[in-house]
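Trainee: Take this structure first; my questions come after.
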Amino acid sequence: MSTRHGFDESLRDLHYDVVRMASLVEKSIEEAILALKQKDKELAQKVVQQDDEIDEMERAIEKKCIRLIATQQPLAKDLRLITSILKMITDLERIADHSADISELILKIADEEYIKPLVDIPKMASVARDMVRSAIDAYINNDIKMAEDVCSKDSTVDNYFESIINDLQELMRKNPQNINQATTFIFIVKYIEKIADHATNLGEWVIYIITGRHKSLNT
C-alpha cells in the first residue's frame, strides 16, 4: 500500500467519523426540542447523558487529526481539510452542549403548565436544526451553495429570537408569576440561537475547505 493511499484511507475514516458525530448531534437537537414540546423528562435526561458520548467522539477525532498532521506531512489542501475538521468538531460539540443545556432546563419546568403555547420556539429550533443538517450535507457533498445558504439563514433565527424574547418580556410585565418560567424560556431560546451560530460556523468552514477563503482568516 502506498503512503498516499494509506493517507487517503485515513482521511476517509476521518470523514466518516465526522459524519457519525454530526448525526448524533443533530439527533440531540431533535430530541431536546421534542422533550420540550412533550414535557418528556426521560427524553431530556437521555440528551443530557448522551452529551458525554459526543464529547468522547470529539476527543477521538481530534487525536486522529493531530496524528495525521504529525506523521503524514499533509499537503496544503489536505492540511486545510484536517484543520477545518478540528474547527468543525468543536462547533459540533458545542451544539451538543447546548442541546444538553436546553434539556437540563426542560427538567426544571416539565411539571409546570407552560405560560404560553409553544409555537415559535419549535419553529426557531427547526430552522437551527436544519442549518446543522444542511451544513453537514454541504460538507459531505462539497457543496458551496448549500454552505452559503446555511450562513444566510442565521438571520432568520435571529429574527425569531428577537420576537420570542419580546413576547416573553411582555408576559413577565403582565404577570410577575410568569418571571421564573419566562426566564427559563429565554435561556432556552438563547441556546437555540447559539446552535444556529455554530451551524453558521460549520457552513463557513465548509466554504473554507472548498475555496480556501474564510472571513476570520482574511483569506
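Following the order of the C-alpha cells, first chain is A, next is B, and so on, with residues numbered from 1 inside each chain and ligands from 1 in the order they appear.
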Please identify all polymer residues within 8 Å of region 23-35 of chain A, counting only C-alpha atoms, omitting same-chain residues fewer than 4 positions from it, and present them as a list in words.

Mentor: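 With the cut-off at 8 Å, the set is Val19, Lys39, Asp40, Lys41, Leu43, Ala44, Val47, Gln50, Ile54, Leu92, Glu93, Ile95, Ala96, Ser99, Ala100, Ile102, Ser103, Ile106, Pro122, Ala125, Arg129, Val132 and Arg133 of chain A.
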
Trainee: For N, CA, C and O atoms, I'd like the residues from the last selection saved as a PDB file, in the first residue's frame.

Mentor:
```
ATOM      1  N   VAL A  19     -19.069  12.585  10.164  1.00  0.00           N
ATOM      2  CA  VAL A  19     -20.475  12.402   9.788  1.00  0.00           C
ATOM      3  C   VAL A  19     -21.243  11.686  10.902  1.00  0.00           C
ATOM      4  O   VAL A  19     -22.376  12.054  11.227  1.00  0.00           O
ATOM      5  N   LYS A  39     -42.928  17.701  27.124  1.00  0.00           N
ATOM      6  CA  LYS A  39     -42.592  17.696  28.565  1.00  0.00           C
ATOM      7  C   LYS A  39     -42.072  16.312  28.985  1.00  0.00           C
ATOM      8  O   LYS A  39     -42.451  15.774  30.034  1.00  0.00           O
ATOM      9  N   ASP A  40     -41.200  15.778  28.154  1.00  0.00           N
ATOM     10  CA  ASP A  40     -40.703  14.410  28.328  1.00  0.00           C
ATOM     11  C   ASP A  40     -39.382  14.444  29.109  1.00  0.00           C
ATOM     12  O   ASP A  40     -38.315  14.653  28.530  1.00  0.00           O
ATOM     13  N   LYS A  41     -39.466  14.234  30.407  1.00  0.00           N
ATOM     14  CA  LYS A  41     -38.287  14.312  31.261  1.00  0.00           C
ATOM     15  C   LYS A  41     -37.294  13.187  30.969  1.00  0.00           C
ATOM     16  O   LYS A  41     -36.072  13.377  31.031  1.00  0.00           O
ATOM     17  N   LEU A  43     -36.730  11.727  28.073  1.00  0.00           N
ATOM     18  CA  LEU A  43     -36.010  12.047  26.844  1.00  0.00           C
ATOM     19  C   LEU A  43     -35.004  13.173  27.088  1.00  0.00           C
ATOM     20  O   LEU A  43     -33.880  13.134  26.563  1.00  0.00           O
ATOM     21  N   ALA A  44     -35.397  14.158  27.883  1.00  0.00           N
ATOM     22  CA  ALA A  44     -34.472  15.241  28.214  1.00  0.00           C
ATOM     23  C   ALA A  44     -33.242  14.702  28.937  1.00  0.00           C
ATOM     24  O   ALA A  44     -32.097  15.103  28.650  1.00  0.00           O
ATOM     25  N   VAL A  47     -30.809  13.093  26.517  1.00  0.00           N
ATOM     26  CA  VAL A  47     -29.981  14.060  25.789  1.00  0.00           C
ATOM     27  C   VAL A  47     -28.808  14.513  26.657  1.00  0.00           C
ATOM     28  O   VAL A  47     -27.668  14.609  26.186  1.00  0.00           O
ATOM     29  N   GLN A  50     -26.277  11.682  26.817  1.00  0.00           N
ATOM     30  CA  GLN A  50     -25.614  11.404  25.541  1.00  0.00           C
ATOM     31  C   GLN A  50     -24.514  12.417  25.224  1.00  0.00           C
ATOM     32  O   GLN A  50     -23.628  12.140  24.401  1.00  0.00           O
ATOM     33  N   ILE A  54     -20.773  12.234  22.874  1.00  0.00           N
ATOM     34  CA  ILE A  54     -20.362  13.172  21.827  1.00  0.00           C
ATOM     35  C   ILE A  54     -19.035  13.824  22.193  1.00  0.00           C
ATOM     36  O   ILE A  54     -18.162  14.019  21.335  1.00  0.00           O
ATOM     37  N   LEU A  92     -19.522  21.312  16.575  1.00  0.00           N
ATOM     38  CA  LEU A  92     -20.484  20.231  16.794  1.00  0.00           C
ATOM     39  C   LEU A  92     -20.606  19.889  18.270  1.00  0.00           C
ATOM     40  O   LEU A  92     -21.710  19.694  18.789  1.00  0.00           O
ATOM     41  N   GLU A  93     -19.475  19.841  18.959  1.00  0.00           N
ATOM     42  CA  GLU A  93     -19.502  19.516  20.394  1.00  0.00           C
ATOM     43  C   GLU A  93     -20.258  20.594  21.172  1.00  0.00           C
ATOM     44  O   GLU A  93     -21.015  20.287  22.103  1.00  0.00           O
ATOM     45  N   ILE A  95     -22.637  22.524  19.977  1.00  0.00           N
ATOM     46  CA  ILE A  95     -24.063  22.367  19.670  1.00  0.00           C
ATOM     47  C   ILE A  95     -24.671  21.308  20.578  1.00  0.00           C
ATOM     48  O   ILE A  95     -25.763  21.493  21.136  1.00  0.00           O
ATOM     49  N   ALA A  96     -23.965  20.195  20.739  1.00  0.00           N
ATOM     50  CA  ALA A  96     -24.447  19.141  21.636  1.00  0.00           C
ATOM     51  C   ALA A  96     -24.535  19.635  23.076  1.00  0.00           C
ATOM     52  O   ALA A  96     -25.475  19.289  23.806  1.00  0.00           O
ATOM     53  N   SER A  99     -27.702  21.558  23.355  1.00  0.00           N
ATOM     54  CA  SER A  99     -28.859  20.660  23.430  1.00  0.00           C
ATOM     55  C   SER A  99     -29.010  20.103  24.839  1.00  0.00           C
ATOM     56  O   SER A  99     -30.128  19.997  25.358  1.00  0.00           O
ATOM     57  N   ALA A 100     -27.885  19.758  25.452  1.00  0.00           N
ATOM     58  CA  ALA A 100     -27.912  19.273  26.834  1.00  0.00           C
ATOM     59  C   ALA A 100     -28.337  20.382  27.791  1.00  0.00           C
ATOM     60  O   ALA A 100     -29.100  20.139  28.744  1.00  0.00           O
ATOM     61  N   ILE A 102     -30.315  22.892  27.089  1.00  0.00           N
ATOM     62  CA  ILE A 102     -31.761  23.030  26.910  1.00  0.00           C
ATOM     63  C   ILE A 102     -32.488  21.933  27.678  1.00  0.00           C
ATOM     64  O   ILE A 102     -33.486  22.182  28.365  1.00  0.00           O
ATOM     65  N   SER A 103     -31.982  20.722  27.589  1.00  0.00           N
ATOM     66  CA  SER A 103     -32.636  19.580  28.245  1.00  0.00           C
ATOM     67  C   SER A 103     -32.606  19.710  29.761  1.00  0.00           C
ATOM     68  O   SER A 103     -33.570  19.337  30.446  1.00  0.00           O
ATOM     69  N   ILE A 106     -35.335  21.988  30.608  1.00  0.00           N
ATOM     70  CA  ILE A 106     -36.627  21.317  30.465  1.00  0.00           C
ATOM     71  C   ILE A 106     -36.970  20.543  31.739  1.00  0.00           C
ATOM     72  O   ILE A 106     -38.126  20.532  32.190  1.00  0.00           O
ATOM     73  N   PRO A 122     -40.389  26.039  18.817  1.00  0.00           N
ATOM     74  CA  PRO A 122     -40.099  24.877  17.970  1.00  0.00           C
ATOM     75  C   PRO A 122     -39.761  25.253  16.520  1.00  0.00           C
ATOM     76  O   PRO A 122     -38.928  24.607  15.891  1.00  0.00           O
ATOM     77  N   ALA A 125     -36.228  26.418  16.559  1.00  0.00           N
ATOM     78  CA  ALA A 125     -35.346  25.267  16.744  1.00  0.00           C
ATOM     79  C   ALA A 125     -35.247  24.438  15.471  1.00  0.00           C
ATOM     80  O   ALA A 125     -34.183  23.903  15.144  1.00  0.00           O
ATOM     81  N   ARG A 129     -31.877  23.456  13.603  1.00  0.00           N
ATOM     82  CA  ARG A 129     -31.545  22.051  13.323  1.00  0.00           C
ATOM     83  C   ARG A 129     -31.291  21.832  11.842  1.00  0.00           C
ATOM     84  O   ARG A 129     -30.344  21.141  11.446  1.00  0.00           O
ATOM     85  N   VAL A 132     -27.868  22.957  10.833  1.00  0.00           N
ATOM     86  CA  VAL A 132     -26.828  21.969  11.170  1.00  0.00           C
ATOM     87  C   VAL A 132     -26.826  20.850  10.131  1.00  0.00           C
ATOM     88  O   VAL A 132     -25.772  20.460   9.610  1.00  0.00           O
ATOM     89  N   ARG A 133     -28.017  20.337   9.819  1.00  0.00           N
ATOM     90  CA  ARG A 133     -28.133  19.241   8.843  1.00  0.00           C
ATOM     91  C   ARG A 133     -27.587  19.671   7.486  1.00  0.00           C
ATOM     92  O   ARG A 133     -26.824  18.931   6.846  1.00  0.00           O
TER      93      ARG A 133
END
```

Trainee: Return as a tab-separated table the residues of region 80-188 of chain A lying at most 8 Å from region 205-213 of chain A, together with the closest atom-to-atom pair for each and the distance in Å to one decimal, counting only C-alpha atoms, with rows in chain order and ascending residue number.

Mentor:
```
residue	atom	partner	partner_atom	distance
A:Arg80	CA	A:Ile209	CA	6.2
A:Leu81	CA	A:Ile209	CA	5.6
A:Ser84	CA	A:Trp205	CA	5.9
A:Lys87	CA	A:Trp205	CA	7.6
A:Met88	CA	A:Trp205	CA	6.9
A:Ala135	CA	A:Val206	CA	7.5
A:Ala138	CA	A:Val206	CA	6.9
A:Tyr139	CA	A:Val206	CA	5.6
A:Asn142	CA	A:Ile210	CA	6.7
A:Ile144	CA	A:Ile207	CA	5.7
A:Ala147	CA	A:Ile207	CA	6.4
A:Glu148	CA	A:Ile207	CA	7.5
```

Trainee: Neighbouring residues of Leu11 (chain A) were defined as those with any atom within 10 Å, considering only C-alpha atoms; residues of the same chain fewer than 6 positions away were excluded. Please report them as a list in words.

Mentor: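 Here the qualifying residues turn out to be His5, Asp17, Lys64, Cys65, Leu68, Asp78, Leu81 and Ile82 of chain A.
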
Trainee: Name the residues in contact with Leu168 (chain A) at a cut-off of 9 Å, using only C-alpha atoms, excluding same-chain residues fewer than 6 positions from it; report them as a list in words.

Mentor: Lys116, Asn178, Ile179, Ala182, Thr183, Phe185 and Ile186 of chain A

Trainee: What does the distance between CA of Glu56 (chain A) and CA of Pro74 (chain A) come to in Å, to one decimal place?

Mentor: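 Atom-to-atom, CA of Glu56 (chain A) and CA of Pro74 (chain A) are spaced 25.1 Å apart.
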
Trainee: Tell me, as an mmCIF file with all heavy atoms, in the first residue's frame, which residues lie within 8 Å of region 161-167 of chain A, counting only C-alpha atoms; anything in the same chain fewer than 6 positions away does not count.

Mentor:
```cif
data_model
loop_
_atom_site.group_PDB
_atom_site.id
_atom_site.type_symbol
_atom_site.label_atom_id
_atom_site.label_comp_id
_atom_site.auth_asym_id
_atom_site.auth_seq_id
_atom_site.Cartn_x
_atom_site.Cartn_y
_atom_site.Cartn_z
ATOM 1 N N ASP A 120 -43.532 29.398 18.282
ATOM 2 C CA ASP A 120 -42.352 29.962 17.628
ATOM 3 C C ASP A 120 -41.045 29.303 18.081
ATOM 4 O O ASP A 120 -40.107 29.204 17.288
ATOM 5 C CB ASP A 120 -42.273 31.467 17.894
ATOM 6 C CG ASP A 120 -43.307 32.242 17.083
ATOM 7 O OD1 ASP A 120 -43.816 31.670 16.099
ATOM 8 O OD2 ASP A 120 -43.591 33.395 17.420
ATOM 9 N N ILE A 121 -40.979 28.845 19.338
ATOM 10 C CA ILE A 121 -39.733 28.226 19.797
ATOM 11 C C ILE A 121 -39.425 26.948 19.007
ATOM 12 O O ILE A 121 -38.300 26.781 18.521
ATOM 13 C CB ILE A 121 -39.766 27.961 21.316
ATOM 14 C CG1 ILE A 121 -39.771 29.289 22.082
ATOM 15 C CG2 ILE A 121 -38.562 27.108 21.751
ATOM 16 C CD1 ILE A 121 -39.875 29.142 23.589
ATOM 17 N N MET A 124 -38.268 28.029 15.539
ATOM 18 C CA MET A 124 -36.897 28.538 15.604
ATOM 19 C C MET A 124 -35.907 27.382 15.704
ATOM 20 O O MET A 124 -34.884 27.354 15.004
ATOM 21 C CB MET A 124 -36.764 29.465 16.820
ATOM 22 C CG MET A 124 -35.376 30.014 17.053
ATOM 23 S SD MET A 124 -35.307 30.949 18.619
ATOM 24 C CE MET A 124 -33.582 31.447 18.637
ATOM 25 N N ILE A 186 -36.243 32.079 28.068
ATOM 26 C CA ILE A 186 -35.256 32.991 27.477
ATOM 27 C C ILE A 186 -33.909 32.298 27.334
ATOM 28 O O ILE A 186 -33.236 32.411 26.295
ATOM 29 C CB ILE A 186 -35.134 34.276 28.330
ATOM 30 C CG1 ILE A 186 -36.372 35.166 28.122
ATOM 31 C CG2 ILE A 186 -33.859 35.054 27.965
ATOM 32 C CD1 ILE A 186 -36.444 36.360 29.051
ATOM 33 N N VAL A 189 -34.159 29.774 24.357
ATOM 34 C CA VAL A 189 -34.060 30.356 23.013
ATOM 35 C C VAL A 189 -32.665 30.924 22.764
ATOM 36 O O VAL A 189 -32.191 30.954 21.615
ATOM 37 C CB VAL A 189 -35.149 31.423 22.751
ATOM 38 C CG1 VAL A 189 -36.523 30.789 22.756
ATOM 39 C CG2 VAL A 189 -35.083 32.572 23.728
ATOM 40 N N LYS A 190 -31.987 31.348 23.824
ATOM 41 C CA LYS A 190 -30.605 31.805 23.657
ATOM 42 C C LYS A 190 -29.711 30.644 23.238
ATOM 43 O O LYS A 190 -28.837 30.803 22.370
ATOM 44 C CB LYS A 190 -30.095 32.432 24.965
ATOM 45 C CG LYS A 190 -28.675 32.994 24.851
ATOM 46 C CD LYS A 190 -28.587 34.078 23.777
ATOM 47 C CE LYS A 190 -27.179 34.629 23.646
ATOM 48 N NZ LYS A 190 -27.057 35.595 22.524
ATOM 49 N N GLU A 193 -30.330 29.974 19.651
ATOM 50 C CA GLU A 193 -29.648 30.993 18.842
ATOM 51 C C GLU A 193 -28.164 30.679 18.721
ATOM 52 O O GLU A 193 -27.561 30.849 17.638
ATOM 53 C CB GLU A 193 -29.872 32.363 19.484
ATOM 54 C CG GLU A 193 -29.455 33.535 18.618
ATOM 55 C CD GLU A 193 -28.063 34.042 18.968
ATOM 56 O OE1 GLU A 193 -27.548 33.700 20.055
ATOM 57 O OE2 GLU A 193 -27.489 34.777 18.151
#
```

Trainee: Compile the contact shell of Asp197 (chain A) as a tab-separated table (two decimals) with all heavy atoms, in the first residue's frame: residues with an atom at most 9 Å away, counting only C-alpha atoms, same-chain residues fewer than 4 positions apart removed.

Mentor:
```tsv
chain	number	residue	atom	x	y	z
A	128	ALA	N	-32.80	26.07	13.16
A	128	ALA	CA	-31.43	25.84	13.64
A	128	ALA	C	-30.98	24.41	13.35
A	128	ALA	O	-29.84	24.17	12.91
A	128	ALA	CB	-31.34	26.15	15.13
A	151	CYS	N	-25.35	29.83	6.05
A	151	CYS	CA	-24.93	31.09	6.68
A	151	CYS	C	-26.02	32.16	6.57
A	151	CYS	O	-26.22	32.96	7.50
A	151	CYS	CB	-23.64	31.58	6.03
A	151	CYS	SG	-22.24	30.45	6.22
A	154	ASP	N	-28.99	32.33	9.28
A	154	ASP	CA	-28.77	32.75	10.66
A	154	ASP	C	-29.66	33.94	11.01
A	154	ASP	O	-30.13	34.06	12.15
A	154	ASP	CB	-27.30	33.09	10.87
A	154	ASP	CG	-26.95	33.31	12.34
A	154	ASP	OD1	-27.37	32.48	13.17
A	154	ASP	OD2	-26.28	34.30	12.65
A	192	ILE	N	-30.71	28.03	21.58
A	192	ILE	CA	-31.06	27.72	20.18
A	192	ILE	C	-30.36	28.71	19.25
A	192	ILE	O	-29.84	28.32	18.19
A	192	ILE	CB	-32.58	27.76	19.96
A	192	ILE	CG1	-33.28	26.67	20.80
A	192	ILE	CG2	-32.93	27.60	18.48
A	192	ILE	CD1	-34.80	26.78	20.82
A	193	GLU	N	-30.33	29.97	19.65
A	193	GLU	CA	-29.65	30.99	18.84
A	193	GLU	C	-28.16	30.68	18.72
A	193	GLU	O	-27.56	30.85	17.64
A	193	GLU	CB	-29.87	32.36	19.48
A	193	GLU	CG	-29.45	33.53	18.62
A	193	GLU	CD	-28.06	34.04	18.97
A	193	GLU	OE1	-27.55	33.70	20.06
A	193	GLU	OE2	-27.49	34.78	18.15
A	201	ASN	N	-20.97	28.73	11.66
A	201	ASN	CA	-19.53	28.44	11.66
A	201	ASN	C	-19.22	27.21	10.81
A	201	ASN	O	-18.24	27.19	10.05
A	201	ASN	CB	-19.03	28.20	13.09
A	201	ASN	CG	-19.03	29.45	13.94
A	201	ASN	OD1	-19.17	30.56	13.43
A	201	ASN	ND2	-18.89	29.28	15.24
A	202	LEU	N	-20.05	26.16	10.96
A	202	LEU	CA	-19.85	24.95	10.17
A	202	LEU	C	-19.89	25.27	8.68
A	202	LEU	O	-19.05	24.81	7.90
A	202	LEU	CB	-20.92	23.91	10.51
A	202	LEU	CG	-20.88	23.28	11.90
A	202	LEU	CD1	-22.12	22.42	12.12
A	202	LEU	CD2	-19.62	22.45	12.10
```
